[in-house]
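Engineer: File name run-v9.txt; file contents compact mmCIF, C-alpha atoms; full text below.
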```txt
# COMPACT_ATOMS: atom_id res chain seq x y z
CA MET A 5 47.06 4.24 22.27
CA THR A 6 45.04 1.24 23.40
CA GLY A 7 42.16 3.56 24.35
CA LEU A 8 42.09 4.80 20.76
CA ARG A 9 42.04 1.22 19.45
CA ASN A 10 39.23 0.31 21.85
CA LYS A 11 37.17 3.30 20.68
CA ASN A 12 37.74 2.33 17.05
CA PHE A 13 36.75 -1.27 17.79
CA ILE A 14 33.57 -0.18 19.58
CA ARG A 15 32.75 2.24 16.76
CA ILE A 16 33.17 -0.52 14.16
CA ILE A 17 30.97 -2.90 16.17
CA LEU A 18 28.26 -0.23 16.57
CA LEU A 19 28.29 0.48 12.85
CA LYS A 20 27.89 -3.24 12.11
CA VAL A 21 24.98 -3.79 14.55
CA PRO A 22 22.34 -3.71 11.74
CA VAL A 23 24.20 -6.42 9.80
CA ILE A 24 24.63 -8.51 12.96
CA LEU A 25 20.92 -8.11 13.77
CA LEU A 26 20.00 -9.12 10.22
CA PHE A 27 21.97 -12.34 10.34
CA VAL A 28 20.79 -13.17 13.86
CA SER A 29 17.18 -12.64 12.78
CA VAL A 30 17.43 -14.90 9.73
CA LEU A 31 19.42 -17.61 11.49
CA ASN A 32 17.11 -17.64 14.51
CA ASP A 33 13.98 -19.57 13.62
CA TYR A 34 12.22 -18.92 16.92
CA ASP A 35 8.50 -19.58 16.85
CA PHE A 36 6.25 -17.91 19.40
CA ASN A 37 3.92 -20.92 19.31
CA TYR A 38 6.35 -22.66 21.67
CA SER A 39 5.79 -19.99 24.30
CA GLY A 40 2.00 -20.31 24.20
CA LEU A 41 1.34 -17.41 21.81
CA LYS A 42 -0.39 -19.26 19.00
CA TYR A 43 -1.33 -16.36 16.76
CA PHE A 44 1.68 -14.12 17.11
CA SER A 45 4.42 -13.86 14.53
CA PHE A 46 6.15 -11.04 12.72
CA ASN A 47 8.97 -10.71 10.25
CA PHE A 48 11.73 -8.74 11.96
CA SER A 49 14.04 -8.99 8.96
CA TYR A 50 11.49 -7.15 6.77
CA ILE A 51 11.33 -4.32 9.31
CA LEU A 52 15.11 -4.13 9.63
CA ILE A 53 15.77 -4.20 5.89
CA PHE A 54 13.08 -1.65 5.08
CA TYR A 55 14.14 0.78 7.81
CA TYR A 56 17.85 0.69 7.05
CA SER A 57 17.31 0.75 3.28
CA LEU A 58 15.11 3.80 3.75
CA LYS A 59 17.00 5.77 6.40
CA LYS A 60 20.64 4.59 6.50
CA THR A 61 21.51 3.06 3.14
CA GLU A 62 25.16 2.59 4.03
CA SER A 63 24.39 0.38 7.05
CA LEU A 64 23.17 -2.69 5.18
CA GLY A 65 24.71 -3.58 1.86
CA TYR A 66 22.73 -5.36 -0.84
CA THR A 67 25.24 -8.20 -0.79
CA TYR A 68 24.67 -8.79 2.92
CA ILE A 69 20.92 -8.69 2.36
CA PHE A 70 21.15 -11.19 -0.49
CA ILE A 71 23.31 -13.58 1.54
CA ALA A 72 20.99 -13.23 4.54
CA GLY A 73 18.12 -14.21 2.25
CA LEU A 74 19.99 -17.34 1.20
CA PHE A 75 20.59 -18.22 4.85
CA ASN A 76 16.90 -17.62 5.58
CA ASP A 77 15.90 -20.00 2.79
CA VAL A 78 18.14 -22.72 4.20
CA VAL A 79 16.85 -22.24 7.75
CA ILE A 80 13.13 -22.21 6.95
CA GLY A 81 13.28 -24.67 4.05
CA THR A 82 12.04 -22.59 1.14
CA PRO A 83 13.60 -22.72 -2.34
CA ILE A 84 17.02 -21.10 -2.45
CA GLY A 85 16.94 -17.50 -3.61
CA LEU A 86 13.28 -16.78 -2.93
CA SER A 87 13.85 -14.83 0.31
CA SER A 88 16.78 -13.01 -1.30
CA LEU A 89 14.51 -11.90 -4.11
CA MET A 90 11.86 -10.70 -1.66
CA TYR A 91 14.45 -8.86 0.44
CA LEU A 92 15.83 -7.11 -2.64
CA ILE A 93 12.31 -6.13 -3.76
CA LEU A 94 11.88 -4.64 -0.28
CA CYS A 95 15.12 -2.69 -0.80
CA VAL A 96 13.89 -1.42 -4.17
CA ALA A 97 10.63 -0.22 -2.61
CA ALA A 98 12.48 1.55 0.22
CA SER A 99 14.85 3.14 -2.27
CA TYR A 100 11.92 4.33 -4.36
CA LEU A 101 10.23 5.85 -1.31
CA ARG A 102 13.48 7.53 -0.25
CA ASN A 103 13.85 9.14 -3.68
CA ILE A 104 10.28 10.45 -3.98
CA THR A 105 9.86 11.68 -0.41
CA LEU A 106 10.35 15.36 0.31
CA ARG A 107 9.37 15.29 3.99
CA PRO A 108 9.86 11.96 5.75
CA SER A 109 7.02 10.90 8.01
CA LEU A 110 6.74 7.75 10.11
CA LEU A 111 3.06 7.36 9.22
CA LYS A 112 3.69 7.64 5.46
CA ASP A 113 6.65 5.28 5.75
CA GLY A 114 4.46 2.82 7.65
CA ILE A 115 1.68 2.92 5.08
CA PHE A 116 4.17 2.41 2.26
CA PHE A 117 5.72 -0.44 4.26
CA LEU A 118 2.29 -2.06 4.59
CA LEU A 119 1.73 -1.79 0.85
CA THR A 120 5.19 -3.21 0.21
CA ILE A 121 4.81 -6.21 2.51
CA LEU A 122 1.39 -6.91 1.00
CA ILE A 123 2.98 -7.07 -2.45
CA ILE A 124 5.98 -9.07 -1.25
CA ASN A 125 3.91 -11.59 0.68
CA SER A 126 1.53 -11.93 -2.27
CA LEU A 127 4.45 -12.68 -4.58
CA LEU A 128 5.91 -15.08 -2.03
CA PHE A 129 2.56 -16.80 -1.55
CA LEU A 130 1.93 -17.13 -5.29
CA SER A 131 5.36 -18.55 -5.96
CA LEU A 132 5.29 -20.97 -3.03
CA LYS A 133 1.71 -22.12 -3.60
CA PHE A 134 1.47 -22.37 -7.38
CA ILE A 135 5.05 -22.94 -8.53
CA PHE A 136 6.51 -25.00 -5.69
CA ASN A 137 3.26 -26.55 -4.31
CA TYR A 138 3.91 -25.56 -0.70
CA GLU A 139 1.02 -25.76 1.73
CA LEU A 140 0.51 -22.38 3.37
CA ASN A 141 -2.02 -21.22 5.92
CA TYR A 142 -3.77 -18.01 4.83
CA PHE A 143 -4.60 -16.98 8.38
CA ASP A 144 -0.99 -17.31 9.54
CA GLN A 145 0.17 -15.18 6.62
CA ILE A 146 -2.34 -12.44 7.44
CA ILE A 147 -1.42 -12.47 11.15
CA ASN A 148 2.26 -12.21 10.22
CA MET A 149 1.62 -9.21 7.94
CA VAL A 150 -0.50 -7.39 10.53
CA PHE A 151 2.01 -7.82 13.34
CA THR A 152 4.93 -6.95 11.05
CA PHE A 153 3.15 -3.73 10.08
CA LEU A 154 2.31 -2.83 13.69
CA PHE A 155 5.79 -3.57 14.97
CA TYR A 156 7.33 -1.40 12.24
CA PHE A 157 6.41 1.70 14.24
CA LEU A 158 7.96 0.37 17.45
CA PHE A 159 11.18 -0.83 15.85
CA SER A 160 11.48 2.30 13.73
CA ASN A 161 11.53 4.40 16.90
CA LEU A 162 14.02 2.01 18.53
CA PHE A 163 16.31 2.14 15.48
CA ASN A 164 16.03 5.96 15.44
CA PHE A 165 17.04 6.06 19.10
CA PHE A 166 19.94 3.70 18.43
CA GLU A 167 21.19 5.71 15.46
CA ASN A 168 20.73 9.13 17.05
CA TYR A 169 21.98 8.52 20.57
CA VAL A 170 24.18 5.44 20.62
CA VAL A 171 25.99 5.58 17.30
CA ARG A 172 26.16 9.36 16.98
CA ASN A 173 27.36 9.87 20.57
CA ASN A 174 30.03 7.22 20.12
CA ASN A 175 31.23 8.86 16.90
CA ALA A 176 31.40 12.27 18.60
CA GLY A 177 33.53 10.98 21.49
```
Just give me the structure of the file as structure tokens.

Structural biologist:
Amino acid sequence: MTGLRNKNFIRIILLKVPVILLFVSVLNDYDFNYSGLKYFSFNFSYILIFYYSLKKTESLGYTYIFIAGLFNDVVIGTPIGLSSLMYLILCVAASYLRNITLRPSLLKDGIFFLLTILIINSLLFLSLKFIFNYELNYFDQIINMVFTFLFYFLFSNLFNFFENYVVRNNNAG
């Protein structure tokens, strides 16, 4: 009986890993500049939200994404609700791509992800710069977008592996 409870507990934890990763990524404000990598940053939460909104819609709920955006705003010091809005726009784009796609392809998903983060970061930049008078560095924003786009392919394969082999094998046993 306890073995059955342990399997159920492990199964629940494995199903909640995307939500846990989302909250860890928005609460962790680690900057690679401290480790000597000056021009290296990427937005892991964008990758996570886009992938799971596109492939496994039941893994991340919109409420969790909205609350994670509020936490992100508090941690990085932007106006409350701005990250939540950007995260939900990312969800809308992923949902749109999921509905129009007949044959999923990592390359097509990546190109659409690039277009989406360009739009989202443009909206974020315009709102922070012209509405809230934040000082932003253009070069840092471009570096962040490029690395976020490039790391999408790596993390997409890692998330596929996790979903196909770890979660599915645990559900089968």

Engineer: Identify, on the basis of all atoms listed in the file, every residue whose closest approach to region 78-85 of chain A does not exceed 12 Å; exclude the query and any residue fewer than 4 positions from it along the same chain; express the result as a PyMOL selection string.

Structural biologist: chain A and resi 27-35+69-74+89-92+128-129+131-133+135-140

Engineer: What is the CA of Asp144 (chain A) to CA of Leu110 (chain A) distance in Å?

Structural biologist: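 Between these atoms lies a distance of 26.2 Å.
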
Engineer: Please indicate the distance in Å from CA of Asp77 (chain A) to CA of Phe117 (chain A), rounded to one decimal place.

Structural biologist: 22.1 Å

Engineer: Quick one: residues within 10 Å of region 103-109 of chain A, all atoms listed in the file counted, chain neighbours fewer than 5 positions away excluded, as a VMD selection string?

Structural biologist: chain A and resid 58 to 59 97 to 98 114

Engineer: I'd like to know which of A:Asn12, A:Gln145, A:Ser160, A:Ser87 is closest to Phe54 (chain A), using all atoms listed in the file.

Structural biologist: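 Nearest candidate to Phe54 (chain A) out of A:Asn12, A:Gln145, A:Ser160, A:Ser87: A:Ser160.
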
Engineer: How far is it from CA of Phe165 (chain A) to CA of Ile24 (chain A), in Å with one decimal?

Structural biologist: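 That distance, rounded to one decimal, is 17.5 Å.
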
Engineer: Which one is closest to Asn141 (chain A): A:Asn10, A:Tyr43, A:Tyr68, A:Phe48? Count all atoms listed in the file.

Structural biologist: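 Checking each candidate against Asn141 (chain A), we get A:Tyr43 as the closest.
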
Engineer: Pick out the closest residue to Leu25 (chain A) from this set: A:Tyr56, A:Tyr66, A:Phe46, A:Ile123. Count only C-alpha atoms.

Structural biologist: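 Using only C-alpha atoms, Leu25 (chain A) sits closest to A:Tyr56.
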
Engineer: From the list A:Thr61, A:Ser99, A:Tyr55, A:Asn76, which residue is nearest Leu158 (chain A) when using all atoms listed in the file?

Structural biologist: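 That would be A:Tyr55, the residue with the smallest distance to Leu158 (chain A).
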
Engineer: From the options A:Leu162, A:Leu86, A:Ile51, A:Ile16, which residue's atoms come nearest to Thr120 (chain A), counting all atoms listed in the file?

Structural biologist: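 For Thr120 (chain A), the nearest of the candidates is A:Ile51.
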
Engineer: Need the shell around Val170 (chain A): protein/DNA/RNA residues with any atom at most 10 Å away, counting all atoms listed in the file. Skip same-chain ones fewer than 6 positions apart. Format as a ChimeraX atom specification?

Structural biologist: /A:15,18,163-164

Engineer: Can you list, as a PyMOL selection string, every protein, DNA or RNA residue that comes within 12 Å of Ile147 (chain A) when you count all atoms listed in the file, leaving out same-chain residues fewer than 2 positions away?

Structural biologist: chain A and resi 42-47+122+125+141-145+149-154

Engineer: Store the residues of this selection in a file with C-alpha atoms, as a PDB file, in the coordinates of the input.

Structural biologist:
```pdb
ATOM      1  CA  LYS A  42      -0.390 -19.260  19.000  1.00  0.00           C
ATOM      2  CA  TYR A  43      -1.330 -16.360  16.760  1.00  0.00           C
ATOM      3  CA  PHE A  44       1.680 -14.120  17.110  1.00  0.00           C
ATOM      4  CA  SER A  45       4.420 -13.860  14.530  1.00  0.00           C
ATOM      5  CA  PHE A  46       6.150 -11.040  12.720  1.00  0.00           C
ATOM      6  CA  ASN A  47       8.970 -10.710  10.250  1.00  0.00           C
ATOM      7  CA  LEU A 122       1.390  -6.910   1.000  1.00  0.00           C
ATOM      8  CA  ASN A 125       3.910 -11.590   0.680  1.00  0.00           C
ATOM      9  CA  ASN A 141      -2.020 -21.220   5.920  1.00  0.00           C
ATOM     10  CA  TYR A 142      -3.770 -18.010   4.830  1.00  0.00           C
ATOM     11  CA  PHE A 143      -4.600 -16.980   8.380  1.00  0.00           C
ATOM     12  CA  ASP A 144      -0.990 -17.310   9.540  1.00  0.00           C
ATOM     13  CA  GLN A 145       0.170 -15.180   6.620  1.00  0.00           C
ATOM     14  CA  MET A 149       1.620  -9.210   7.940  1.00  0.00           C
ATOM     15  CA  VAL A 150      -0.500  -7.390  10.530  1.00  0.00           C
ATOM     16  CA  PHE A 151       2.010  -7.820  13.340  1.00  0.00           C
ATOM     17  CA  THR A 152       4.930  -6.950  11.050  1.00  0.00           C
ATOM     18  CA  PHE A 153       3.150  -3.730  10.080  1.00  0.00           C
ATOM     19  CA  LEU A 154       2.310  -2.830  13.690  1.00  0.00           C
TER      20      LEU A 154
END
```

Engineer: Quick one: of A:Phe155, A:Phe134, A:Phe13, A:Tyr100, who's nearest to Ser49 (chain A), counting all atoms listed in the file?

Structural biologist: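 Going through A:Phe155, A:Phe134, A:Phe13, A:Tyr100 one by one, the smallest distance to Ser49 (chain A) is for A:Phe155.
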